[in-house]
Amino acid sequence: TQSTRPQRILGAVQQNATRGDPRSVVRAIDQYCRNQEWAMNVGDEKGCILDSVVSEVNPATVLELGTYCGYSTVRIASLLPPHAKLITLEFNPEFAVIARQVIAWAGLEDKIQLVEGASGDLIPKMKEQFGVETFDLVFLDHWKDRYLPDTKLMEECGLLRKGSVLLADNVICPGTPEYLEFVRSSPRYESQYFKSHLEYTKVEDGLEKSVFLG
Ligand SMILES: O=C(NCCCOCn1ccc2cnccc21)c1cc(-c2ccc(F)cc2)cc(O)c1O
Ligand SMILES: [Mg+2]
């Protein structure tokens with residue numbers, strides 16, 4: 001029976017990455033997706049921008065919306081201080097099955113909690129079910145038309161504090177026009193655009209970093 005793209009990405013990790021070495025997992029996925037078949041990981045170029053923001057924020061609590069195969073999950077978690085926690089939400093059960101194995105290969109299970117379901121349902125349960133107060137960093141990489149409603153929902157649920165950083169992937173391609181308009185015009189956010197390219201291509205894309213001002 002035909003394998004799926006996520007299954008082939010997991011295979012590339014198991015064949016080319018060293019167990020317990022997150023950076024080798026990241027490298028193996030980038031090499032596979034650049035040389036064999038494209039996949040919607042944040043990728044190496046935007047990944048460097050992601051790394052710099054994670055290192056600058058040095059977050060104790062991270063929320064990732066959109067796990068896919070766990071590439072950015074592993075990339076972020078590999079930079080977190082001890083005892084820091086990353087919660088990642090994935091809607092697609094098949095992606096979740098693969099991501100759990102990629103996260104395990106990287107040896108980062110203790111820092112990462114993968115939760116399956118829709119952000120609109122799970123965000124209101126964050127405090128009671130996952131013991132979260134507020135998030136220091138949120139990486140938005142899920143359905144592009146959910147970035148704005150979920151940002152408003154996180155505000156309403158008291159999950160953002162003065163200084164919380166939102167980092168959004170794909171603000172140009174596929175694009176998140178309503179989200180961009182909101183964070184760039186709202187007095188409650190200080191936004192900055194990091195120009196880059198769509199993963200593994202020459203197409204323009206970028207990350208938008210928005211600091212919640214409270
Ligand atoms: O679509 C993309 N990502 C989203 C996946 C579904 O996410 C669904 N999803 C994941 C948690 C979650 C929680 N609640 C609801 C939905 C939830 C995505 C797409 C492209 C892309 C660019 C050019 C193309 F020609 C084709 C595709 C690039 C990216 O970097 C992306 O991230
Ligand atoms: Mg993306």
# chains A, B, ... in the order shown; residues from 1 in each chain; ligands from 1
$ residues_around --residues "A:Asn92" --least-positions-apart "4" --cutoff "9 Å" --atoms "only C-alpha atoms" --output "PyMOL selection string"
chain A and resi 68+96-97+116-117
$ residues_around --residues "A:Thr201" --least-positions-apart "5" --cutoff "10 Å" --atoms "only C-alpha atoms" --output "PyMOL selection string"
chain A and resi 34+38+43+45
$ write_last_selection --atoms "N, CA, C and O atoms" --output "PDB file, in the first residue's frame"
ATOM      1  N   ARG A  34      13.909  19.301   0.773  1.00  0.00           N
ATOM      2  CA  ARG A  34      14.547  20.134  -0.242  1.00  0.00           C
ATOM      3  C   ARG A  34      14.937  19.273  -1.454  1.00  0.00           C
ATOM      4  O   ARG A  34      14.814  19.695  -2.597  1.00  0.00           O
ATOM      5  N   TRP A  38       8.738  18.346  -1.516  1.00  0.00           N
ATOM      6  CA  TRP A  38       8.316  19.503  -0.743  1.00  0.00           C
ATOM      7  C   TRP A  38       7.330  19.099   0.334  1.00  0.00           C
ATOM      8  O   TRP A  38       6.485  18.200   0.118  1.00  0.00           O
ATOM      9  N   GLY A  43      10.669  25.094   7.643  1.00  0.00           N
ATOM     10  CA  GLY A  43      11.884  24.995   6.824  1.00  0.00           C
ATOM     11  C   GLY A  43      13.109  25.667   7.427  1.00  0.00           C
ATOM     12  O   GLY A  43      13.050  26.275   8.496  1.00  0.00           O
ATOM     13  N   GLU A  45      15.197  28.204   6.191  1.00  0.00           N
ATOM     14  CA  GLU A  45      15.381  29.670   6.118  1.00  0.00           C
ATOM     15  C   GLU A  45      14.502  30.387   7.144  1.00  0.00           C
ATOM     16  O   GLU A  45      15.002  31.145   7.987  1.00  0.00           O
TER      17      GLU A  45
END
$ select_by_dssp --residues "stretch 4-186 of chain A" --states "alpha helix (DSSP H)" --output "ChimeraX atom specification"
/A:5-16,22-35,43-57,71-77,93-106,119-122,126-130,147-156,177-185
$ closest_atom_pairs --of "chain A" --to "ligand 1" --cutoff "10 Å" --atoms "only C-alpha atoms and all ligand atoms" --output "Markdown table"
| residue | atom | partner | partner_atom_place_in_ligand_line | distance |
| --- | --- | --- | --- | --- |
| A:Trp38 | CA | ligand 1 | 26 (C) | 9.4 |
| A:Ala39 | CA | ligand 1 | 28 (C) | 7.8 |
| A:Met40 | CA | ligand 1 | 29 (C) | 4.5 |
| A:Asn41 | CA | ligand 1 | 30 (O) | 5.7 |
| A:Val42 | CA | ligand 1 | 30 (O) | 5.3 |
| A:Gly43 | CA | ligand 1 | 30 (O) | 8.2 |
| A:Lys46 | CA | ligand 1 | 30 (O) | 9.7 |
| A:Glu64 | CA | ligand 1 | 11 (C) | 8.4 |
| A:Leu65 | CA | ligand 1 | 11 (C) | 5.2 |
| A:Gly66 | CA | ligand 1 | 11 (C) | 3.6 |
| A:Thr67 | CA | ligand 1 | 10 (C) | 6.2 |
| A:Tyr68 | CA | ligand 1 | 5 (C) | 6.8 |
| A:Thr88 | CA | ligand 1 | 11 (C) | 8.1 |
| A:Leu89 | CA | ligand 1 | 11 (C) | 5.2 |
| A:Glu90 | CA | ligand 1 | 11 (C) | 3.9 |
| A:Phe91 | CA | ligand 1 | 12 (C) | 4.4 |
| A:Asn92 | CA | ligand 1 | 10 (C) | 6.8 |
| A:Pro93 | CA | ligand 1 | 10 (C) | 10.0 |
| A:Phe95 | CA | ligand 1 | 10 (C) | 9.0 |
| A:Ala96 | CA | ligand 1 | 10 (C) | 9.6 |
| A:Val115 | CA | ligand 1 | 13 (C) | 9.3 |
| A:Glu116 | CA | ligand 1 | 13 (C) | 7.9 |
| A:Gly117 | CA | ligand 1 | 13 (C) | 6.0 |
| A:Ala118 | CA | ligand 1 | 14 (N) | 3.5 |
| A:Ser119 | CA | ligand 1 | 14 (N) | 3.8 |
| A:Gly120 | CA | ligand 1 | 14 (N) | 6.4 |
| A:Asp121 | CA | ligand 1 | 14 (N) | 8.0 |
| A:Leu122 | CA | ligand 1 | 14 (N) | 8.1 |
| A:Ile123 | CA | ligand 1 | 14 (N) | 9.3 |
| A:Leu140 | CA | ligand 1 | 32 (O) | 8.5 |
| A:Asp141 | CA | ligand 1 | 32 (O) | 4.9 |
| A:His142 | CA | ligand 1 | 7 (O) | 3.7 |
| A:Trp143 | CA | ligand 1 | 4 (C) | 4.5 |
| A:Lys144 | CA | ligand 1 | 1 (O) | 6.7 |
| A:Asp145 | CA | ligand 1 | 16 (C) | 9.4 |
| A:Arg146 | CA | ligand 1 | 15 (C) | 7.2 |
| A:Tyr147 | CA | ligand 1 | 15 (C) | 9.6 |
| A:Asp150 | CA | ligand 1 | 14 (N) | 9.0 |
| A:Ala168 | CA | ligand 1 | 32 (O) | 9.5 |
| A:Asp169 | CA | ligand 1 | 30 (O) | 6.3 |
| A:Asn170 | CA | ligand 1 | 30 (O) | 5.6 |
| A:Val171 | CA | ligand 1 | 30 (O) | 9.3 |
| A:Ile172 | CA | ligand 1 | 22 (C) | 9.3 |
| A:Cys173 | CA | ligand 1 | 22 (C) | 5.6 |
| A:Pro174 | CA | ligand 1 | 22 (C) | 5.0 |
| A:Gly175 | CA | ligand 1 | 22 (C) | 8.6 |
| A:Leu198 | CA | ligand 1 | 22 (C) | 6.8 |
| A:Glu199 | CA | ligand 1 | 30 (O) | 6.8 |
| A:Thr201 | CA | ligand 1 | 23 (C) | 9.5 |
| A:Val203 | CA | ligand 1 | 23 (C) | 8.9 |
| A:Asp205 | CA | ligand 1 | 30 (O) | 9.0 |
| A:Gly206 | CA | ligand 1 | 30 (O) | 9.8 |
$ residues_around --residues "A:Val54" --least-positions-apart "3" --cutoff "10 Å" --atoms "only C-alpha atoms" --output "ChimeraX atom specification"
/A:48-51,57-59,62,75-77,79-80,136-137,139,165,167
$ residues_around --residues "A:Val25" --least-positions-apart "3" --cutoff "12 Å" --atoms "only C-alpha atoms" --output "number ranges by chain"
A: 9-22, 28-32, 69-75, 78, 99, 101-108
$ closest_residue --among "A:Ser164, A:Gln192, A:Gln113, A:Thr151" --to "A:Glu133" --atoms "only C-alpha atoms"
A:Ser164
$ atom_distance --atom1 "atom CA of A:Ile87" --atom2 "atom CA of A:Thr61"
7.9 Å
$ residues_around --residues "A:Arg188" --least-positions-apart "6" --cutoff "10 Å" --atoms "only C-alpha atoms" --output "list in words"
Lys162, Phe182, Ser210, Val211, Phe212, Leu213 and Gly214 of chain A
$ write_last_selection --atoms "C-alpha atoms" --output "PDB file, in the first residue's frame"
ATOM      1  CA  LYS A 162       1.953  41.926  28.640  1.00  0.00           C
ATOM      2  CA  PHE A 182      -5.358  43.330  12.732  1.00  0.00           C
ATOM      3  CA  SER A 210       3.682  40.577  17.298  1.00  0.00           C
ATOM      4  CA  VAL A 211       4.201  41.512  20.959  1.00  0.00           C
ATOM      5  CA  PHE A 212       0.993  41.749  23.018  1.00  0.00           C
ATOM      6  CA  LEU A 213       1.083  45.028  24.961  1.00  0.00           C
ATOM      7  CA  GLY A 214      -1.637  44.072  27.460  1.00  0.00           C
TER       8      GLY A 214
END
$ closest_residue --among "A:Glu128, A:Val138, A:Val53, A:Tyr179" --to "A:Leu86" --atoms "only C-alpha atoms"
A:Val138
$ atom_distance --atom1 "atom CA of A:Gln129" --atom2 "atom CA of A:Ala60"
17.9 Å
$ select_by_dssp --residues "stretch 2-172 of chain A" --states "strand (DSSP E)" --output "JSON, numbers by chain"
{"A": [61, 62, 63, 64, 65, 85, 86, 87, 88, 89, 90, 112, 113, 114, 115, 116, 135, 136, 137, 138, 139, 140, 160, 161, 162, 163, 164, 165, 166, 167, 168]}
$ atom_distance --atom1 "atom CA of A:Pro6" --atom2 "atom CA of A:Gln36"
12.7 Å
$ decode --residues "stretch 151-164 of chain A" --atoms "all heavy atoms" --output "PDB file, in the first residue's frame"
ATOM      1  N   THR A 151      -6.357  34.252  17.852  1.00  0.00           N
ATOM      2  CA  THR A 151      -5.645  35.282  18.621  1.00  0.00           C
ATOM      3  C   THR A 151      -6.629  36.019  19.538  1.00  0.00           C
ATOM      4  O   THR A 151      -6.360  36.221  20.725  1.00  0.00           O
ATOM      5  CB  THR A 151      -4.947  36.266  17.666  1.00  0.00           C
ATOM      6  OG1 THR A 151      -3.933  35.554  16.939  1.00  0.00           O
ATOM      7  CG2 THR A 151      -4.323  37.434  18.414  1.00  0.00           C
ATOM      8  N   LYS A 152      -7.797  36.344  18.998  1.00  0.00           N
ATOM      9  CA  LYS A 152      -8.833  37.006  19.813  1.00  0.00           C
ATOM     10  C   LYS A 152      -9.290  36.079  20.936  1.00  0.00           C
ATOM     11  O   LYS A 152      -9.481  36.511  22.079  1.00  0.00           O
ATOM     12  CB  LYS A 152     -10.014  37.421  18.930  1.00  0.00           C
ATOM     13  CG  LYS A 152      -9.642  38.555  17.967  1.00  0.00           C
ATOM     14  CD  LYS A 152     -10.800  38.970  17.078  1.00  0.00           C
ATOM     15  CE  LYS A 152     -10.433  40.199  16.251  1.00  0.00           C
ATOM     16  NZ  LYS A 152     -11.511  40.552  15.276  1.00  0.00           N
ATOM     17  N   LEU A 153      -9.405  34.787  20.612  1.00  0.00           N
ATOM     18  CA  LEU A 153      -9.834  33.798  21.610  1.00  0.00           C
ATOM     19  C   LEU A 153      -8.797  33.681  22.731  1.00  0.00           C
ATOM     20  O   LEU A 153      -9.150  33.626  23.917  1.00  0.00           O
ATOM     21  CB  LEU A 153     -10.054  32.444  20.924  1.00  0.00           C
ATOM     22  CG  LEU A 153     -10.692  31.318  21.730  1.00  0.00           C
ATOM     23  CD1 LEU A 153     -12.034  31.743  22.316  1.00  0.00           C
ATOM     24  CD2 LEU A 153     -10.825  30.055  20.872  1.00  0.00           C
ATOM     25  N   MET A 154      -7.508  33.675  22.370  1.00  0.00           N
ATOM     26  CA  MET A 154      -6.450  33.591  23.395  1.00  0.00           C
ATOM     27  C   MET A 154      -6.485  34.799  24.314  1.00  0.00           C
ATOM     28  O   MET A 154      -6.341  34.679  25.536  1.00  0.00           O
ATOM     29  CB  MET A 154      -5.076  33.453  22.732  1.00  0.00           C
ATOM     30  CG  MET A 154      -4.805  32.074  22.162  1.00  0.00           C
ATOM     31  SD  MET A 154      -3.112  31.869  21.554  1.00  0.00           S
ATOM     32  CE  MET A 154      -3.190  32.845  20.055  1.00  0.00           C
ATOM     33  N   GLU A 155      -6.748  35.979  23.729  1.00  0.00           N
ATOM     34  CA  GLU A 155      -6.881  37.200  24.547  1.00  0.00           C
ATOM     35  C   GLU A 155      -8.049  37.034  25.520  1.00  0.00           C
ATOM     36  O   GLU A 155      -7.913  37.238  26.719  1.00  0.00           O
ATOM     37  CB  GLU A 155      -7.174  38.409  23.654  1.00  0.00           C
ATOM     38  CG  GLU A 155      -5.995  39.107  23.034  1.00  0.00           C
ATOM     39  CD  GLU A 155      -6.437  40.407  22.352  1.00  0.00           C
ATOM     40  OE1 GLU A 155      -7.292  41.123  22.922  1.00  0.00           O
ATOM     41  OE2 GLU A 155      -5.936  40.681  21.246  1.00  0.00           O
ATOM     42  N   GLU A 156      -9.205  36.629  24.974  1.00  0.00           N
ATOM     43  CA  GLU A 156     -10.421  36.496  25.793  1.00  0.00           C
ATOM     44  C   GLU A 156     -10.226  35.494  26.926  1.00  0.00           C
ATOM     45  O   GLU A 156     -10.754  35.660  28.020  1.00  0.00           O
ATOM     46  CB  GLU A 156     -11.604  36.034  24.915  1.00  0.00           C
ATOM     47  CG  GLU A 156     -12.184  37.103  24.016  1.00  0.00           C
ATOM     48  CD  GLU A 156     -12.919  36.485  22.815  1.00  0.00           C
ATOM     49  OE1 GLU A 156     -13.323  35.297  22.921  1.00  0.00           O
ATOM     50  OE2 GLU A 156     -13.052  37.171  21.779  1.00  0.00           O
ATOM     51  N   CYS A 157      -9.459  34.422  26.653  1.00  0.00           N
ATOM     52  CA  CYS A 157      -9.242  33.365  27.660  1.00  0.00           C
ATOM     53  C   CYS A 157      -8.118  33.722  28.634  1.00  0.00           C
ATOM     54  O   CYS A 157      -7.743  32.903  29.476  1.00  0.00           O
ATOM     55  CB  CYS A 157      -8.937  32.038  26.972  1.00  0.00           C
ATOM     56  SG  CYS A 157     -10.311  31.422  25.979  1.00  0.00           S
ATOM     57  N   GLY A 158      -7.564  34.918  28.501  1.00  0.00           N
ATOM     58  CA  GLY A 158      -6.511  35.366  29.426  1.00  0.00           C
ATOM     59  C   GLY A 158      -5.220  34.585  29.287  1.00  0.00           C
ATOM     60  O   GLY A 158      -4.458  34.449  30.247  1.00  0.00           O
ATOM     61  N   LEU A 159      -4.968  34.086  28.072  1.00  0.00           N
ATOM     62  CA  LEU A 159      -3.764  33.273  27.841  1.00  0.00           C
ATOM     63  C   LEU A 159      -2.563  34.112  27.407  1.00  0.00           C
ATOM     64  O   LEU A 159      -1.453  33.591  27.312  1.00  0.00           O
ATOM     65  CB  LEU A 159      -4.060  32.201  26.786  1.00  0.00           C
ATOM     66  CG  LEU A 159      -5.001  31.090  27.271  1.00  0.00           C
ATOM     67  CD1 LEU A 159      -5.491  30.244  26.096  1.00  0.00           C
ATOM     68  CD2 LEU A 159      -4.289  30.209  28.297  1.00  0.00           C
ATOM     69  N   LEU A 160      -2.798  35.404  27.154  1.00  0.00           N
ATOM     70  CA  LEU A 160      -1.699  36.304  26.771  1.00  0.00           C
ATOM     71  C   LEU A 160      -1.464  37.298  27.907  1.00  0.00           C
ATOM     72  O   LEU A 160      -2.420  37.767  28.531  1.00  0.00           O
ATOM     73  CB  LEU A 160      -2.037  37.058  25.478  1.00  0.00           C
ATOM     74  CG  LEU A 160      -2.373  36.200  24.244  1.00  0.00           C
ATOM     75  CD1 LEU A 160      -2.669  37.089  23.040  1.00  0.00           C
ATOM     76  CD2 LEU A 160      -1.252  35.224  23.939  1.00  0.00           C
ATOM     77  N   ARG A 161      -0.185  37.583  28.153  1.00  0.00           N
ATOM     78  CA  ARG A 161       0.166  38.579  29.171  1.00  0.00           C
ATOM     79  C   ARG A 161       0.937  39.706  28.490  1.00  0.00           C
ATOM     80  O   ARG A 161       1.364  39.560  27.343  1.00  0.00           O
ATOM     81  CB  ARG A 161       1.033  37.934  30.249  1.00  0.00           C
ATOM     82  CG  ARG A 161       2.294  37.235  29.689  1.00  0.00           C
ATOM     83  CD  ARG A 161       3.491  37.381  30.541  1.00  0.00           C
ATOM     84  NE  ARG A 161       4.610  36.579  30.046  1.00  0.00           N
ATOM     85  CZ  ARG A 161       5.604  37.065  29.300  1.00  0.00           C
ATOM     86  NH1 ARG A 161       5.608  38.346  28.940  1.00  0.00           N
ATOM     87  NH2 ARG A 161       6.592  36.295  28.879  1.00  0.00           N
ATOM     88  N   LYS A 162       1.144  40.825  29.183  1.00  0.00           N
ATOM     89  CA  LYS A 162       1.953  41.926  28.640  1.00  0.00           C
ATOM     90  C   LYS A 162       3.325  41.351  28.278  1.00  0.00           C
ATOM     91  O   LYS A 162       4.007  40.778  29.123  1.00  0.00           O
ATOM     92  CB  LYS A 162       2.100  43.003  29.735  1.00  0.00           C
ATOM     93  CG  LYS A 162       2.731  44.289  29.305  1.00  0.00           C
ATOM     94  CD  LYS A 162       2.685  45.274  30.498  1.00  0.00           C
ATOM     95  CE  LYS A 162       3.489  46.546  30.264  1.00  0.00           C
ATOM     96  NZ  LYS A 162       3.089  47.253  29.027  1.00  0.00           N
ATOM     97  N   GLY A 163       3.680  41.420  27.008  1.00  0.00           N
ATOM     98  CA  GLY A 163       4.968  40.896  26.554  1.00  0.00           C
ATOM     99  C   GLY A 163       4.902  39.550  25.847  1.00  0.00           C
ATOM    100  O   GLY A 163       5.892  39.121  25.256  1.00  0.00           O
ATOM    101  N   SER A 164       3.743  38.889  25.893  1.00  0.00           N
ATOM    102  CA  SER A 164       3.617  37.615  25.141  1.00  0.00           C
ATOM    103  C   SER A 164       3.908  37.880  23.668  1.00  0.00           C
ATOM    104  O   SER A 164       3.492  38.891  23.119  1.00  0.00           O
ATOM    105  CB  SER A 164       2.207  37.038  25.281  1.00  0.00           C
ATOM    106  OG  SER A 164       1.966  36.549  26.586  1.00  0.00           O
TER     107      SER A 164
END
